[in-house]
Amino acid sequence: MREITLPAGLARVAFVGPLFRFALHGDMPVGIQRALLNVLSRVQFMPEGSVVQHLQLGGRPAERIFAEAAIPTSRTNAVPPERAAGAVLYLHGGGYVVGSLATHRSLVARLARETSCAVYNLDYRLAPEHPFPAGLDDAEAAFLDLVNNVGYRPDQICIAGDSAGGGLALALAQRLRDNHQLTPCALGLIAPWGDPRQPPTADRDTILNRKWIARCAADYLGDADSSEPGYAPLATDLTGLPPTYVQADVDELLHEQCAQLVAGLREAGVHVRFTETRGLWHVAQLQAALVAEAALTLSGLADFLREAIQPVSIEDLR
């Protein structure tokens, strides 16, 4: 379907802000929120030529998405996805309580097209039905499945995610380091929610609000102890992590946490690329099919992951 380009300001004021202010109301039952977000996802179009394959990964439903005839071993030679140089494991956002394969399919498909890799979109378990560490356990099982059964090496797999999925990606990298001595190729984090224990400093932004964030944090924690490893990866050891991309808008509620994470990663000796936008919103990449600035921001993430998976060689430059 042909994409529609809207000015970022118009999209924020007339479409994105009002819809998400309603859909993520702090008092709305989570089941209704999930249904509304799935409906909203229908206007987030996938690029033409996207291929979606349904499968199980680590015992959970997942999708492998790639661009038809666009999975290269180098910049010029197309091969099937199972022979690609690498892959991306994507963990969707939604405060650990909402979000689905459907809500993030468009974003994942665009990422697949621009990285020229297969991207695995995981349907990990959500709170409050399945609180911490269920989602982290599912992400761990999916990564190990890609290594042990699909056949990728750990250093061929990038882990990416947005918001809560970004926090989950960070926690997964720490668990792989600590429990399995494995290091993924890179991390791609869109406005990661790295510490659910930290309350936001403002009441709301275009997408998120303080009340909804607090409810999500409590639902995700359940009966666990908030000091357990993996719940707040921002406050956990950041050494030994792979090259990391972090993106946030300067006016969103999670910007301060993102800045803290970048500072902590740099202090730990991790290579970091931090990009900030002004005038977009939390995970604007979800609207990349509608807003050119959001698409450009997603391209920055894709470039980082592609370079990590497929470093430029002499042959590519000839």
# chains A, B, ... in the order shown; residues from 1 in each chain; ligands from 1

call {"tool": "residues_around", "arguments": {"residues": "region 47-63 of chain A", "least_positions_apart": "4", "cutoff": "9 Å", "atoms": "only C-alpha atoms", "output": "PyMOL selection string"}}
result
chain A and resi 1-3+67-69+101+105-106+109-110+112-113+119-125+138-146+289

call {"tool": "atom_distance", "arguments": {"atom1": "CA of Gly94 (chain A)", "atom2": "CA of Tyr231 (chain A)"}}
result
15.2 Å

call {"tool": "residues_around", "arguments": {"residues": "Gln44 (chain A)", "least_positions_apart": "4", "cutoff": "12 Å", "atoms": "only C-alpha atoms", "output": "list in words"}}
result
Met1, Arg2, Glu3, Ile4, Thr5, Val16, Leu37, Asn38, Val39, Leu40, Ala102, Thr103, His104, Arg105, Ser106, Leu107, Val108, Ala109, Arg110, Ala284, Gln285, Leu286, Gln287, Ala288, Ala289, Leu290, Val291 and Ala295 of chain A

call {"tool": "closest_residue", "arguments": {"among": "A:Ala224, A:Ala127, A:Val283, A:Ala87", "to": "Ile159 (chain A)", "atoms": "only C-alpha atoms"}}
result
A:Ala87

call {"tool": "closest_residue", "arguments": {"among": "A:Gln247, A:Asn148, A:Arg204, A:Asp219", "to": "Leu189 (chain A)", "atoms": "only C-alpha atoms"}}
result
A:Gln247

call {"tool": "residues_around", "arguments": {"residues": "Tyr96 (chain A)", "least_positions_apart": "3", "cutoff": "10 Å", "atoms": "only C-alpha atoms", "output": "list in words"}}
result
His92, Gly93, Gly99, Tyr124, Arg125, Leu126, Ala127, Pro128, His130, Pro131, Phe132, Gly135, Ser163, Ala164, Gly165, Gly167, Leu168, Cys216, Ala217, Asp219, Tyr220 and Leu221 of chain A

call {"tool": "residues_around", "arguments": {"residues": "region 208-214 of chain A", "least_positions_apart": "3", "cutoff": "9 Å", "atoms": "only C-alpha atoms", "output": "list in words"}}
result
Phe20, Arg21, Leu24, His25, Gly26, Asp27, Gly95, Pro196, Arg197, Pro199, Pro200, Thr201, Ala202, Asp203, Arg204, Asp205, Ala217, Ala218, Asp219, Glu252, Leu253 and His282 of chain A

call {"tool": "closest_residue", "arguments": {"among": "A:Ala23, A:Val270, A:Ala35, A:Ala11", "to": "Ala186 (chain A)", "atoms": "only C-alpha atoms"}}
result
A:Val270

call {"tool": "atom_distance", "arguments": {"atom1": "CA of Cys258 (chain A)", "atom2": "CA of Ala191 (chain A)"}}
result
6.3 Å

call {"tool": "select_by_dssp", "arguments": {"residues": "region 10-214 of chain A", "states": "strand (DSSP E or B)", "output": "PyMOL selection string"}}
result
chain A and resi 50-57+60-67+72+78+87-91+118-122+157-162+186-190+204+209

call {"tool": "closest_residue", "arguments": {"among": "A:Arg64, A:Cys158, A:Ser41, A:Thr277", "to": "Val88 (chain A)", "atoms": "only C-alpha atoms"}}
result
A:Cys158

call {"tool": "residues_around", "arguments": {"residues": "Gly230 (chain A)", "least_positions_apart": "4", "cutoff": "8 Å", "atoms": "only C-alpha atoms", "output": "PDB file with N, CA, C and O atoms, in the first residue's frame"}}
result
ATOM      1  N   PRO A 133       9.701 -12.798  36.106  1.00  0.00           N
ATOM      2  CA  PRO A 133      10.568 -12.624  34.936  1.00  0.00           C
ATOM      3  C   PRO A 133      10.072 -13.352  33.681  1.00  0.00           C
ATOM      4  O   PRO A 133      10.897 -13.748  32.848  1.00  0.00           O
ATOM      5  N   LEU A 136      11.281 -11.934  30.323  1.00  0.00           N
ATOM      6  CA  LEU A 136      12.729 -12.101  30.188  1.00  0.00           C
ATOM      7  C   LEU A 136      13.088 -13.551  29.929  1.00  0.00           C
ATOM      8  O   LEU A 136      13.976 -13.848  29.112  1.00  0.00           O
ATOM      9  N   LEU A 168      13.851  -4.720  28.131  1.00  0.00           N
ATOM     10  CA  LEU A 168      13.949  -6.172  28.087  1.00  0.00           C
ATOM     11  C   LEU A 168      15.176  -6.611  27.283  1.00  0.00           C
ATOM     12  O   LEU A 168      15.860  -7.570  27.651  1.00  0.00           O
ATOM     13  N   ALA A 171      18.150  -6.123  29.527  1.00  0.00           N
ATOM     14  CA  ALA A 171      18.180  -7.167  30.553  1.00  0.00           C
ATOM     15  C   ALA A 171      18.586  -8.510  29.959  1.00  0.00           C
ATOM     16  O   ALA A 171      19.312  -9.295  30.592  1.00  0.00           O
ATOM     17  N   LEU A 172      18.141  -8.790  28.730  1.00  0.00           N
ATOM     18  CA  LEU A 172      18.509 -10.043  28.078  1.00  0.00           C
ATOM     19  C   LEU A 172      20.009 -10.091  27.821  1.00  0.00           C
ATOM     20  O   LEU A 172      20.645 -11.123  28.060  1.00  0.00           O
ATOM     21  N   GLN A 174      22.333  -8.668  29.481  1.00  0.00           N
ATOM     22  CA  GLN A 174      22.998  -8.894  30.765  1.00  0.00           C
ATOM     23  C   GLN A 174      22.872 -10.349  31.215  1.00  0.00           C
ATOM     24  O   GLN A 174      23.834 -10.945  31.709  1.00  0.00           O
ATOM     25  N   ARG A 175      21.698 -10.931  31.019  1.00  0.00           N
ATOM     26  CA  ARG A 175      21.507 -12.336  31.406  1.00  0.00           C
ATOM     27  C   ARG A 175      22.351 -13.261  30.536  1.00  0.00           C
ATOM     28  O   ARG A 175      22.936 -14.231  31.039  1.00  0.00           O
ATOM     29  N   THR A 236      21.895  -2.129  36.801  1.00  0.00           N
ATOM     30  CA  THR A 236      22.707  -3.341  36.882  1.00  0.00           C
ATOM     31  C   THR A 236      24.013  -3.117  36.134  1.00  0.00           C
ATOM     32  O   THR A 236      24.158  -2.165  35.367  1.00  0.00           O
TER      33      THR A 236
END

call {"tool": "closest_residue", "arguments": {"among": "A:His180, A:Leu111, A:Pro233, A:Ala8", "to": "Gly166 (chain A)", "atoms": "only C-alpha atoms"}}
result
A:Pro233

call {"tool": "select_by_dssp", "arguments": {"residues": "region 83-265 of chain A", "states": "alpha helix (DSSP H)", "output": "PyMOL selection string"}}
result
chain A and resi 101-115+134-145+164-175+210-221+255-265

call {"tool": "closest_residue", "arguments": {"among": "A:His271, A:Cys185, A:Ala248, A:Glu129", "to": "Asp223 (chain A)", "atoms": "only C-alpha atoms"}}
result
A:Glu129

call {"tool": "atom_distance", "arguments": {"atom1": "CA of Leu305 (chain A)", "atom2": "CA of Leu89 (chain A)"}}
result
11.2 Å

call {"tool": "decode", "arguments": {"residues": "region 262-303 of chain A", "atoms": "C-alpha atoms", "output": "PDB file, in the first residue's frame"}}
result
ATOM      1  CA  VAL A 262      24.120   6.262  27.727  1.00  0.00           C
ATOM      2  CA  ALA A 263      26.312   7.801  30.425  1.00  0.00           C
ATOM      3  CA  GLY A 264      26.489   4.488  32.293  1.00  0.00           C
ATOM      4  CA  LEU A 265      27.372   2.522  29.165  1.00  0.00           C
ATOM      5  CA  ARG A 266      30.125   4.956  28.227  1.00  0.00           C
ATOM      6  CA  GLU A 267      31.529   4.828  31.750  1.00  0.00           C
ATOM      7  CA  ALA A 268      31.509   1.016  31.453  1.00  0.00           C
ATOM      8  CA  GLY A 269      33.536   1.209  28.244  1.00  0.00           C
ATOM      9  CA  VAL A 270      30.695   0.222  25.891  1.00  0.00           C
ATOM     10  CA  HIS A 271      30.572   1.818  22.436  1.00  0.00           C
ATOM     11  CA  VAL A 272      27.345   3.859  22.248  1.00  0.00           C
ATOM     12  CA  ARG A 273      25.612   5.880  19.555  1.00  0.00           C
ATOM     13  CA  PHE A 274      22.993   8.198  21.066  1.00  0.00           C
ATOM     14  CA  THR A 275      20.585  10.029  18.770  1.00  0.00           C
ATOM     15  CA  GLU A 276      18.039  12.542  20.017  1.00  0.00           C
ATOM     16  CA  THR A 277      15.094  14.015  18.139  1.00  0.00           C
ATOM     17  CA  ARG A 278      13.071  17.123  18.859  1.00  0.00           C
ATOM     18  CA  GLY A 279       9.418  17.405  17.881  1.00  0.00           C
ATOM     19  CA  LEU A 280       8.660  13.690  17.606  1.00  0.00           C
ATOM     20  CA  TRP A 281       7.364  11.479  20.415  1.00  0.00           C
ATOM     21  CA  HIS A 282       7.930   8.244  22.315  1.00  0.00           C
ATOM     22  CA  VAL A 283       8.669   5.453  19.790  1.00  0.00           C
ATOM     23  CA  ALA A 284       7.630   7.570  16.829  1.00  0.00           C
ATOM     24  CA  GLN A 285       9.194   4.809  14.706  1.00  0.00           C
ATOM     25  CA  LEU A 286       5.853   3.011  14.977  1.00  0.00           C
ATOM     26  CA  GLN A 287       4.447   5.724  12.700  1.00  0.00           C
ATOM     27  CA  ALA A 288       7.320   5.540  10.198  1.00  0.00           C
ATOM     28  CA  ALA A 289       4.851   4.728   7.408  1.00  0.00           C
ATOM     29  CA  LEU A 290       3.053   8.019   8.086  1.00  0.00           C
ATOM     30  CA  VAL A 291       5.751  10.496   9.168  1.00  0.00           C
ATOM     31  CA  ALA A 292       8.974  11.019   7.225  1.00  0.00           C
ATOM     32  CA  GLU A 293      10.956  12.153  10.277  1.00  0.00           C
ATOM     33  CA  ALA A 294      10.001   8.970  12.109  1.00  0.00           C
ATOM     34  CA  ALA A 295      11.112   6.882   9.121  1.00  0.00           C
ATOM     35  CA  LEU A 296      14.452   8.708   9.081  1.00  0.00           C
ATOM     36  CA  THR A 297      14.974   7.958  12.765  1.00  0.00           C
ATOM     37  CA  LEU A 298      14.236   4.275  12.196  1.00  0.00           C
ATOM     38  CA  SER A 299      16.768   4.284   9.351  1.00  0.00           C
ATOM     39  CA  GLY A 300      19.416   5.417  11.834  1.00  0.00           C
ATOM     40  CA  LEU A 301      18.784   2.345  13.955  1.00  0.00           C
ATOM     41  CA  ALA A 302      18.788   0.101  10.891  1.00  0.00           C
ATOM     42  CA  ASP A 303      22.105   1.529   9.700  1.00  0.00           C
TER      43      ASP A 303
END
